Amino acid sequence: MKPTSDTLGPQPTVTAPPPRPRGDWAVVRDLIPWLRPYAGRIAFALGLILLAKLANLFVPVALKQLVDRLNVEPSLLVLPVGLLLAYGASRIGVTMFSELRQVVFARVMARASREITLRVFRHLHGLSLKFHLERRTGGVARDVERGGAAISELLDWTLYSIVPILIEILLVTIVLVWAYDWGFAFITAVTLVAYTGWTVAITEWRTGYYRASVEANTRANERAVDSLLNYETVKYFNNEAHEARRLDENLRDVEDAQVMSTKTLAVLNLGQTSIIAVGVTAMMWRAAAGVVAGDLTLGDLVLVNAYLLQLSAPLNILGMMYREVKQALTNMERLFGLLDERQDVQDAPGARDLAASQPRVRFENVRFAYDARRVILQGVDFEIPPGGTVAVVGHSGSGKSTLARLLYRFYDVDGGRITVDGQDVRQITQQSLRASVGIVPQDTVLFNDTIHYNIRYGRPDATREEVEDAARAAHIHDFIRRLPDGYESEVGERGLKLSGGEKQRVAIARALLKNPAILIFDEATSALDSKSEKAIQAELDRIQVGRTTLVIAHRLSTVMNADRILVMDAGRIAEQGTHDELLALDGHYAHLWALQQRDEEELLP
C-alpha cells in the first residue's frame with residue numbers, strides 16, 4: 001500500500017523537553033562504551049600501576065633494613081651493598097613502571113577524547129536547522145572544547161592518581177597489619193574515613209559554585225562570540241560600551257563564582273591538612289612508643305615514617321583530585337547533553353539513495369509551521385517537470401524560502417508530502433538527496449578560508465581547472481585573477497572581505513561546480529547591480545537547461561522566462577502561470593510587476 005502523509009509525516013511541531021541532567025554515574029556509564037575497545041591497554045596500564053606501587057612499597061622496607069643493619073657496633077659494621085642496590089633499583093622501578101603506564105595509556109585518553117568529540121561534531125551537523133537557529137555558537141563551542149578536554153582529565157585523574165593512591169593505601173595497610181598490629185591499621189582507617197568524608201562533603205558543596213562558574217563562563221563566551229561576529233553592526237551603532245557592559249554582567253557572575261570557589265577551597269584544604277596531621281601524629285606517637293618500649297626497632301620507626309610520608313603527600317592532593325574529577329564529570333555532562341539533542345530529521349529505516357539526472361519534483365498539499373502557533377505553508381501544491389523551471393515570487397514572509405528548506409529536508413513537512421521522481425523525500429537518504437540539490441542562497445556566508453577553498457567546497461575532489469571553469473561561468477574569474485593572491489586570497493570571517501555581489505558570485509560558482517540535478521536559486525542575484533545581474537542572469541538561464549530548477553525571486557524581471565511562475569501569498573499559491581498569462585489575469589502578479597516597473601523608471605536618470 002502506498003504510504004500516506006499521515007503515516008510518513010510528523011505531527012505538528014512540538015517543542016522537545018530539555019535533556020534531563022545526568023548524575024556522575026550516568027556520565028561514567030556513557031563513557032564506558034568508548035573505552036571497551038581499549039580494555040587490553042587499560043588492564044595492562046593498571047598492571048603497571050600495581051607493579052609501580054609494589055616497587056614503591058619496597059622502598060621503606062629496604063630503608064628499614066639498612067637502618068637496622070647499620071645500627072650495630074662500629075667494629076662489626078659491614079656495608080650492606082645488596083640492600084643499597086635493592087633500594088636504588090626499587091626507586092628506579094617506581095618511576096619506570098609509572099612512565100610505562102603513561103606510555104601505554106596515552107593513546108586511550110587521546111583516542112577516546114578524539115572519537116567522542118568527533119561524534120558530537122557529527123551529531124551537531126545532523127541536528128535540524130531548528131536547533132542551529134536557536135543555539136548560541138560560542139556556548140556550544142565552549143561546551144565541546146571543555147567536554148573533550150575533560151575526558152582526558154577524568155581518565156588521567158582516576159587511573160593515574162586516585163586508583164594508584166587507593167592501591168597504595170591498601171598495600172600499606174596490609175603491610176602494617178602483617179608486620180605490626182591492628183593499631184596502625186586502625187589509625188590509618190580512621191584517618192582515611194575522616195579525610196574522605198570531609199573531602200566529599202565539602203567538594204559536593206563546592207561543585208555548586210563550579211557549575212555556576214561554568215554556566216556563567218559559557219554565557220560570557222556566547223555574548224563575546226556573538227558580539228565579535230557582529231563586529232560591523234556594533235560599529236554602525238557605536239555600541240562598543242554597551243557590548244562591554246553586557247559581557248561584564250556575565251564576567252561578574254564568573255568572578256563571584258570563582259571567588260566563592262577559592263574561599264571554599266581554603267576550608268577544604270584546612271580540614272584535610274588537620275585530619276592528616278592528626279593521623280600522622282598518632283601513627284608516629286605509637287611507633288615512637290614502641291621503640292621506647294623495645295617492641296620496635298629504630299628501622300621500624302623509619303619504615304612507619306616513610307610509609308606515612310608516601311601516603312601523606314598524595315592524600316594532601318586527593319581532595320584536589322576529587323574536585324578535578326567532579327569538574328570533569330560536570331563538563332562531560334554538558335558534552336553528552338549535546339548528544340541528547342534529538343535529531344528531528346532522520347533517515348527512515350530502509351531509506352533508498354536517490355539517483356536522478358532530470359528529476360520531477362512535486363509538492364503535494366504541503367503544510368508546514370516552524371511554530372504550531374504560526375502556520376507558514378497551507379496546502380501548497382505544484383510540480384516542477386523534469387528539466388523545467390518553476391519560479392516562486394511574492395511578498396516577504398509569504399513562505400518562498402521555506403519551500404527550498406523543505407526540499408533540502410532541513411525540516412519535515414507537517415502535512416502532505418514532497419516527492420522527487422515519485423519518491424517521498426522522507427524515504428530517501430538525506431545524503432543522496434542533498435547531493436542532488438545545489439543552492440545559491442540569498443544570504444551567502446563563506447568559510448574563513450581562500451576563494452579557491454570556498455568554490456571547491458561545492459565538490460571537494462574537483463581539480464583546479466574545474467574550479468576556475470566554474471568561476472568563469474559565474475563571471476568572477478577575472479576579478480579573482482586581479483587580486484594580489486588570486487585564488488588563494490582569504491575571504492575573512494563569513495566572507496566579509498568580499499562585497500555582497502562578489503560573495504554571491506562565489507556562491508554561484510560553488511553551486512555550478514557541484515553540478516546538481518536540482519538547482520535552487522534563492523534570490524541569487526539580489527546582491528548584484530543591474531549590469532552584473534543581466535550578465536549573471538544570462539549565465540543562470542544557460543545553466544538551468546537540462547536541470548530541474550526552483551527559482552525564488554523578488555525581482556520579477558529575473559523570472560520572466562520561467563516555465564511556470566507561482567505567486568505566493570500568506571502561505572498559499574494565489575496565482576500561477578507564465579509571465580504573459582499572469583499579466584493577463586491582472587491580479588497579484590500584475591500589481592507587483594507594475595510596482596517594480598515604476599520603481600525602475602524612477603531610478604533612471
# chains A, B, ... in the order shown; residues from 1 in each chain; ligands from 1
>>> residues_around(residues="Val144 of chain A", least_positions_apart="6", cutoff="9 Å", atoms="only C-alpha atoms", output="ChimeraX atom specification")
/A:117,120-121,331-332,334-335,338
>>> write_last_selection(atoms="all heavy atoms", output="short mmCIF file (atom, residue, chain, number, x, y, z; two decimals), in the first residue's frame")
data_model
loop_
_atom_site.label_atom_id
_atom_site.label_comp_id
_atom_site.auth_asym_id
_atom_site.auth_seq_id
_atom_site.Cartn_x
_atom_site.Cartn_y
_atom_site.Cartn_z
N THR A 117 34.55 13.63 20.76
CA THR A 117 34.40 14.98 20.22
C THR A 117 33.93 14.92 18.77
O THR A 117 33.06 15.70 18.36
CB THR A 117 35.74 15.74 20.31
OG1 THR A 117 36.17 15.78 21.68
CG2 THR A 117 35.60 17.16 19.78
N VAL A 120 30.25 14.05 18.66
CA VAL A 120 29.42 15.21 18.98
C VAL A 120 29.37 16.17 17.79
O VAL A 120 28.31 16.70 17.45
CB VAL A 120 29.97 15.94 20.23
CG1 VAL A 120 29.23 17.25 20.47
CG2 VAL A 120 29.83 15.05 21.45
N PHE A 121 30.51 16.38 17.14
CA PHE A 121 30.56 17.27 15.97
C PHE A 121 29.66 16.76 14.86
O PHE A 121 28.89 17.53 14.26
CB PHE A 121 32.02 17.36 15.49
CG PHE A 121 32.22 18.30 14.32
CD1 PHE A 121 32.22 19.67 14.52
CD2 PHE A 121 32.41 17.80 13.05
CE1 PHE A 121 32.42 20.53 13.44
CE2 PHE A 121 32.60 18.65 11.97
CZ PHE A 121 32.61 20.02 12.17
N ASN A 331 31.74 18.87 33.12
CA ASN A 331 31.97 19.27 31.73
C ASN A 331 31.55 18.19 30.75
O ASN A 331 31.01 18.48 29.67
CB ASN A 331 33.46 19.60 31.53
CG ASN A 331 33.86 20.88 32.26
OD1 ASN A 331 33.04 21.77 32.46
ND2 ASN A 331 35.11 20.97 32.66
N MET A 332 31.79 16.93 31.12
CA MET A 332 31.37 15.83 30.25
C MET A 332 29.85 15.71 30.19
O MET A 332 29.29 15.32 29.17
CB MET A 332 32.00 14.52 30.73
CG MET A 332 33.49 14.42 30.44
SD MET A 332 34.22 12.95 31.18
CE MET A 332 33.28 11.68 30.35
N ARG A 334 27.78 18.15 30.15
CA ARG A 334 27.33 19.12 29.14
C ARG A 334 27.65 18.63 27.74
O ARG A 334 26.87 18.84 26.80
CB ARG A 334 27.98 20.48 29.40
CG ARG A 334 27.58 21.09 30.73
CD ARG A 334 28.26 22.43 30.94
NE ARG A 334 27.68 23.46 30.09
CZ ARG A 334 26.67 24.25 30.44
NH1 ARG A 334 26.11 24.11 31.62
NH2 ARG A 334 26.21 25.16 29.62
N LEU A 335 28.79 17.95 27.58
CA LEU A 335 29.15 17.42 26.26
C LEU A 335 28.17 16.32 25.84
O LEU A 335 27.64 16.33 24.72
CB LEU A 335 30.58 16.86 26.31
CG LEU A 335 31.12 16.30 24.98
CD1 LEU A 335 31.38 17.43 23.99
CD2 LEU A 335 32.39 15.51 25.21
N LEU A 338 24.79 17.40 24.65
CA LEU A 338 24.62 17.75 23.24
C LEU A 338 24.21 16.52 22.43
O LEU A 338 23.44 16.62 21.47
CB LEU A 338 25.93 18.34 22.69
CG LEU A 338 26.33 19.71 23.25
CD1 LEU A 338 27.72 20.10 22.75
CD2 LEU A 338 25.30 20.77 22.86
#
>>> residues_around(residues="segment 498-505 of chain A", least_positions_apart="2", cutoff="9 Å", atoms="only C-alpha atoms", output="NGL selection string")
:A and (440-446 or 471 or 474-476 or 479 or 491-492 or 495-496 or 507-510 or 524-529 or 532 or 536)
>>> residues_around(residues="Leu270 of chain A", least_positions_apart="2", cutoff="12 Å", atoms="only C-alpha atoms", output="short mmCIF file (atom, residue, chain, number, x, y, z; two decimals) with N, CA, C and O atoms, in the first residue's frame")
data_model
loop_
_atom_site.label_atom_id
_atom_site.label_comp_id
_atom_site.auth_asym_id
_atom_site.auth_seq_id
_atom_site.Cartn_x
_atom_site.Cartn_y
_atom_site.Cartn_z
N TYR A 195 39.07 11.76 56.46
CA TYR A 195 39.54 12.55 55.32
C TYR A 195 38.56 12.47 54.16
O TYR A 195 38.19 13.48 53.56
N TRP A 198 35.16 14.27 54.91
CA TRP A 198 35.31 15.73 54.82
C TRP A 198 35.45 16.18 53.37
O TRP A 198 34.81 17.14 52.93
N THR A 199 36.29 15.47 52.60
CA THR A 199 36.54 15.84 51.21
C THR A 199 35.27 15.78 50.36
O THR A 199 34.97 16.69 49.59
N ILE A 202 32.61 18.59 51.50
CA ILE A 202 32.96 19.97 51.12
C ILE A 202 33.01 20.11 49.59
O ILE A 202 32.59 21.13 49.03
N LYS A 263 37.39 30.55 48.19
CA LYS A 263 37.15 30.59 49.64
C LYS A 263 36.83 29.19 50.19
O LYS A 263 37.35 28.78 51.23
N THR A 264 35.97 28.48 49.50
CA THR A 264 35.60 27.15 49.98
C THR A 264 36.77 26.17 49.83
O THR A 264 36.86 25.20 50.59
N LEU A 265 37.66 26.44 48.87
CA LEU A 265 38.85 25.60 48.73
C LEU A 265 39.74 25.73 49.96
O LEU A 265 40.34 24.75 50.43
N ALA A 266 39.83 26.95 50.50
CA ALA A 266 40.62 27.15 51.71
C ALA A 266 40.05 26.33 52.87
O ALA A 266 40.79 25.73 53.65
N VAL A 267 38.72 26.30 52.98
CA VAL A 267 38.08 25.50 54.03
C VAL A 267 38.40 24.02 53.83
O VAL A 267 38.72 23.29 54.78
N LEU A 268 38.33 23.58 52.59
CA LEU A 268 38.61 22.17 52.26
C LEU A 268 40.05 21.81 52.63
O LEU A 268 40.29 20.80 53.30
N GLN A 272 41.45 19.11 55.48
CA GLN A 272 42.25 17.95 55.03
C GLN A 272 43.60 17.92 55.75
O GLN A 272 44.05 16.87 56.24
N THR A 273 44.27 19.06 55.79
CA THR A 273 45.59 19.12 56.44
C THR A 273 45.49 18.77 57.92
O THR A 273 46.35 18.05 58.46
N SER A 274 44.46 19.25 58.58
CA SER A 274 44.28 18.97 60.01
C SER A 274 44.07 17.48 60.25
O SER A 274 44.66 16.89 61.16
N ILE A 275 43.24 16.85 59.44
CA ILE A 275 42.96 15.42 59.60
C ILE A 275 44.22 14.60 59.38
O ILE A 275 44.54 13.68 60.16
N ILE A 276 44.97 14.94 58.33
CA ILE A 276 46.20 14.19 58.04
C ILE A 276 47.23 14.41 59.15
O ILE A 276 47.91 13.47 59.60
N ALA A 277 47.34 15.63 59.62
CA ALA A 277 48.31 15.92 60.69
C ALA A 277 47.99 15.13 61.95
O ALA A 277 48.90 14.57 62.60
N ASN A 316 47.24 14.67 50.56
CA ASN A 316 47.08 16.11 50.59
C ASN A 316 46.45 16.65 49.31
O ASN A 316 45.80 17.70 49.33
N GLY A 319 41.97 15.61 47.72
CA GLY A 319 40.81 16.49 47.61
C GLY A 319 40.80 17.25 46.30
O GLY A 319 39.76 17.41 45.65
#
>>> closest_residue(among="A:Met283, A:Ala112, A:Leu154, A:Ile92", to="Trp182 of chain A", atoms="only C-alpha atoms")
A:Met283
>>> closest_residue(among="A:Val506, A:Ala287, A:Leu483, A:Leu354", to="Thr419 of chain A", atoms="only C-alpha atoms")
A:Leu354
>>> residues_around(residues="Ile418 of chain A", least_positions_apart="4", cutoff="9 Å", atoms="only C-alpha atoms", output="list in words")
Val361, Arg362, Phe363, Glu364, Asn365, Val366, Leu406, Leu407, Val413, Gly422, Gln423, Asp424, Val425 and Arg426 of chain A
>>> write_last_selection(atoms="C-alpha atoms", output="PDB file, in the first residue's frame")
ATOM      1  CA  VAL A 361       9.771  17.432  -8.168  1.00  0.00           C
ATOM      2  CA  ARG A 362       6.293  17.647  -6.726  1.00  0.00           C
ATOM      3  CA  PHE A 363       4.832  19.386  -3.669  1.00  0.00           C
ATOM      4  CA  GLU A 364       1.563  17.687  -2.734  1.00  0.00           C
ATOM      5  CA  ASN A 365      -0.741  19.613  -0.390  1.00  0.00           C
ATOM      6  CA  VAL A 366       2.245  20.622   1.753  1.00  0.00           C
ATOM      7  CA  LEU A 406      11.716  21.663   2.874  1.00  0.00           C
ATOM      8  CA  LEU A 407      13.065  20.391  -0.443  1.00  0.00           C
ATOM      9  CA  VAL A 413       6.562  18.713   6.413  1.00  0.00           C
ATOM     10  CA  GLY A 422       7.710   9.849  -7.222  1.00  0.00           C
ATOM     11  CA  GLN A 423       9.766   9.059  -4.095  1.00  0.00           C
ATOM     12  CA  ASP A 424       8.820  10.787  -0.862  1.00  0.00           C
ATOM     13  CA  VAL A 425      11.893  12.701   0.305  1.00  0.00           C
ATOM     14  CA  ARG A 426      11.413  11.141   3.754  1.00  0.00           C
TER      15      ARG A 426
END
>>> select_by_dssp(residues="segment 312-546 of chain A", states="helix (DSSP H, G or I)", output="PyMOL selection string")
chain A and resi 312-339+400-407+425-427+430-435+451-456+464-473+477-482+486-488+493-495+500-514+530-544
>>> residues_around(residues="Arg542 of chain A", least_positions_apart="5", cutoff="12 Å", atoms="only C-alpha atoms", output="ChimeraX atom specification")
/A:389,473-474,512,535-537,547,549,561
>>> residues_around(residues="segment 380-383 of chain A", least_positions_apart="3", cutoff="12 Å", atoms="only C-alpha atoms", output="VMD selection string")
chain A and resid 359 to 368 376 to 377 386 to 392 398 to 400 402 to 403 406 413 to 422 548 to 550 563 to 577
>>> atom_distance(atom1="atom CA of Ala306 of chain A", atom2="atom CA of Ala201 of chain A")
29.4 Å
>>> closest_residue(among="A:Tyr231, A:Tyr408, A:Tyr209, A:Tyr180", to="Leu303 of chain A", atoms="only C-alpha atoms")
A:Tyr180
>>> atom_distance(atom1="atom CA of Leu513 of chain A", atom2="atom CA of Ala470 of chain A")
5.6 Å
>>> select_by_dssp(residues="segment 269-404 of chain A", states="strand (DSSP E or B)", output="list in words")
Arg352, Val361, Arg362, Phe363, Glu364, Asn365, Val366, Arg367, Phe368, Asp371, Arg374, Leu377, Gln378, Gly379, Val380, Asp381, Phe382, Glu383, Ile384, Thr389, Val390, Ala391, Val392, Val393 and Gly394 of chain A
>>> closest_residue(among="A:Val234, A:Val393, A:Gly208, A:Asn56", to="Ala590 of chain A", atoms="only C-alpha atoms")
A:Val393
>>> closest_residue(among="A:Ile451, A:Ile32, A:Ile428, A:Leu592", to="Asp353 of chain A", atoms="only C-alpha atoms")
A:Ile428
>>> atom_distance(atom1="atom CA of Glu488 of chain A", atom2="atom CA of Lys514 of chain A")
20.1 Å
>>> decode(residues="segment 153-224 of chain A", atoms="C-alpha atoms", output="CSV table (one decimal), in the first residue's frame")
chain,number,residue,atom,x,y,z
A,153,GLU,CA,41.4,14.8,32.6
A,154,LEU,CA,38.9,12.3,34.1
A,155,LEU,CA,40.8,9.2,32.9
A,156,ASP,CA,44.1,10.8,33.9
A,157,TRP,CA,43.0,11.7,37.5
A,158,THR,CA,41.2,8.4,38.1
A,159,LEU,CA,43.5,5.8,36.6
A,160,TYR,CA,46.8,7.7,37.1
A,161,SER,CA,46.2,9.3,40.5
A,162,ILE,CA,43.1,8.2,42.5
A,163,VAL,CA,43.4,4.4,41.7
A,164,PRO,CA,47.1,4.3,42.5
A,165,ILE,CA,46.6,6.1,45.8
A,166,LEU,CA,43.8,3.7,46.8
A,167,ILE,CA,46.0,0.7,45.8
A,168,GLU,CA,48.9,2.2,47.8
A,169,ILE,CA,46.7,2.8,50.9
A,170,LEU,CA,45.5,-0.8,50.7
A,171,LEU,CA,49.0,-2.2,50.4
A,172,VAL,CA,50.5,-0.1,53.2
A,173,THR,CA,47.6,-1.1,55.5
A,174,ILE,CA,48.2,-4.8,54.7
A,175,VAL,CA,51.9,-4.4,55.5
A,176,LEU,CA,51.3,-2.6,58.7
A,177,VAL,CA,48.8,-5.2,59.9
A,178,TRP,CA,51.1,-8.0,58.9
A,179,ALA,CA,54.3,-6.6,60.3
A,180,TYR,CA,53.0,-5.0,63.4
A,181,ASP,CA,49.5,-4.9,64.8
A,182,TRP,CA,46.0,-3.7,64.1
A,183,GLY,CA,46.6,-0.4,65.9
A,184,PHE,CA,48.4,1.1,63.0
A,185,ALA,CA,45.7,-0.1,60.6
A,186,PHE,CA,43.0,1.3,62.8
A,187,ILE,CA,44.6,4.7,62.9
A,188,THR,CA,45.1,4.6,59.1
A,189,ALA,CA,41.5,3.6,58.6
A,190,VAL,CA,40.0,6.3,60.9
A,191,THR,CA,42.2,8.9,59.2
A,192,LEU,CA,41.1,7.8,55.7
A,193,VAL,CA,37.4,7.7,56.7
A,194,ALA,CA,37.5,11.2,58.2
A,195,TYR,CA,39.5,12.5,55.3
A,196,THR,CA,37.2,11.0,52.7
A,197,GLY,CA,34.0,12.2,54.5
A,198,TRP,CA,35.3,15.7,54.8
A,199,THR,CA,36.5,15.8,51.2
A,200,VAL,CA,33.3,14.5,49.7
A,201,ALA,CA,31.1,16.7,51.8
A,202,ILE,CA,33.0,20.0,51.1
A,203,THR,CA,33.6,19.2,47.4
A,204,GLU,CA,29.9,18.5,46.8
A,205,TRP,CA,29.2,21.9,48.4
A,206,ARG,CA,31.9,23.5,46.2
A,207,THR,CA,30.6,21.8,43.0
A,208,GLY,CA,27.6,24.1,43.0
A,209,TYR,CA,29.8,27.1,42.7
A,210,TYR,CA,31.8,25.4,39.9
A,211,ARG,CA,28.6,24.7,38.0
A,212,ALA,CA,27.6,28.3,38.4
A,213,SER,CA,31.0,29.3,37.2
A,214,VAL,CA,30.8,27.1,34.1
A,215,GLU,CA,27.3,28.3,33.2
A,216,ALA,CA,28.4,32.0,33.6
A,217,ASN,CA,31.5,31.3,31.6
A,218,THR,CA,29.5,29.8,28.8
A,219,ARG,CA,27.1,32.7,28.7
A,220,ALA,CA,30.0,35.1,28.7
A,221,ASN,CA,31.6,33.2,25.8
A,222,GLU,CA,28.3,33.2,23.9
A,223,ARG,CA,28.0,37.0,24.2
A,224,ALA,CA,31.6,37.6,23.3
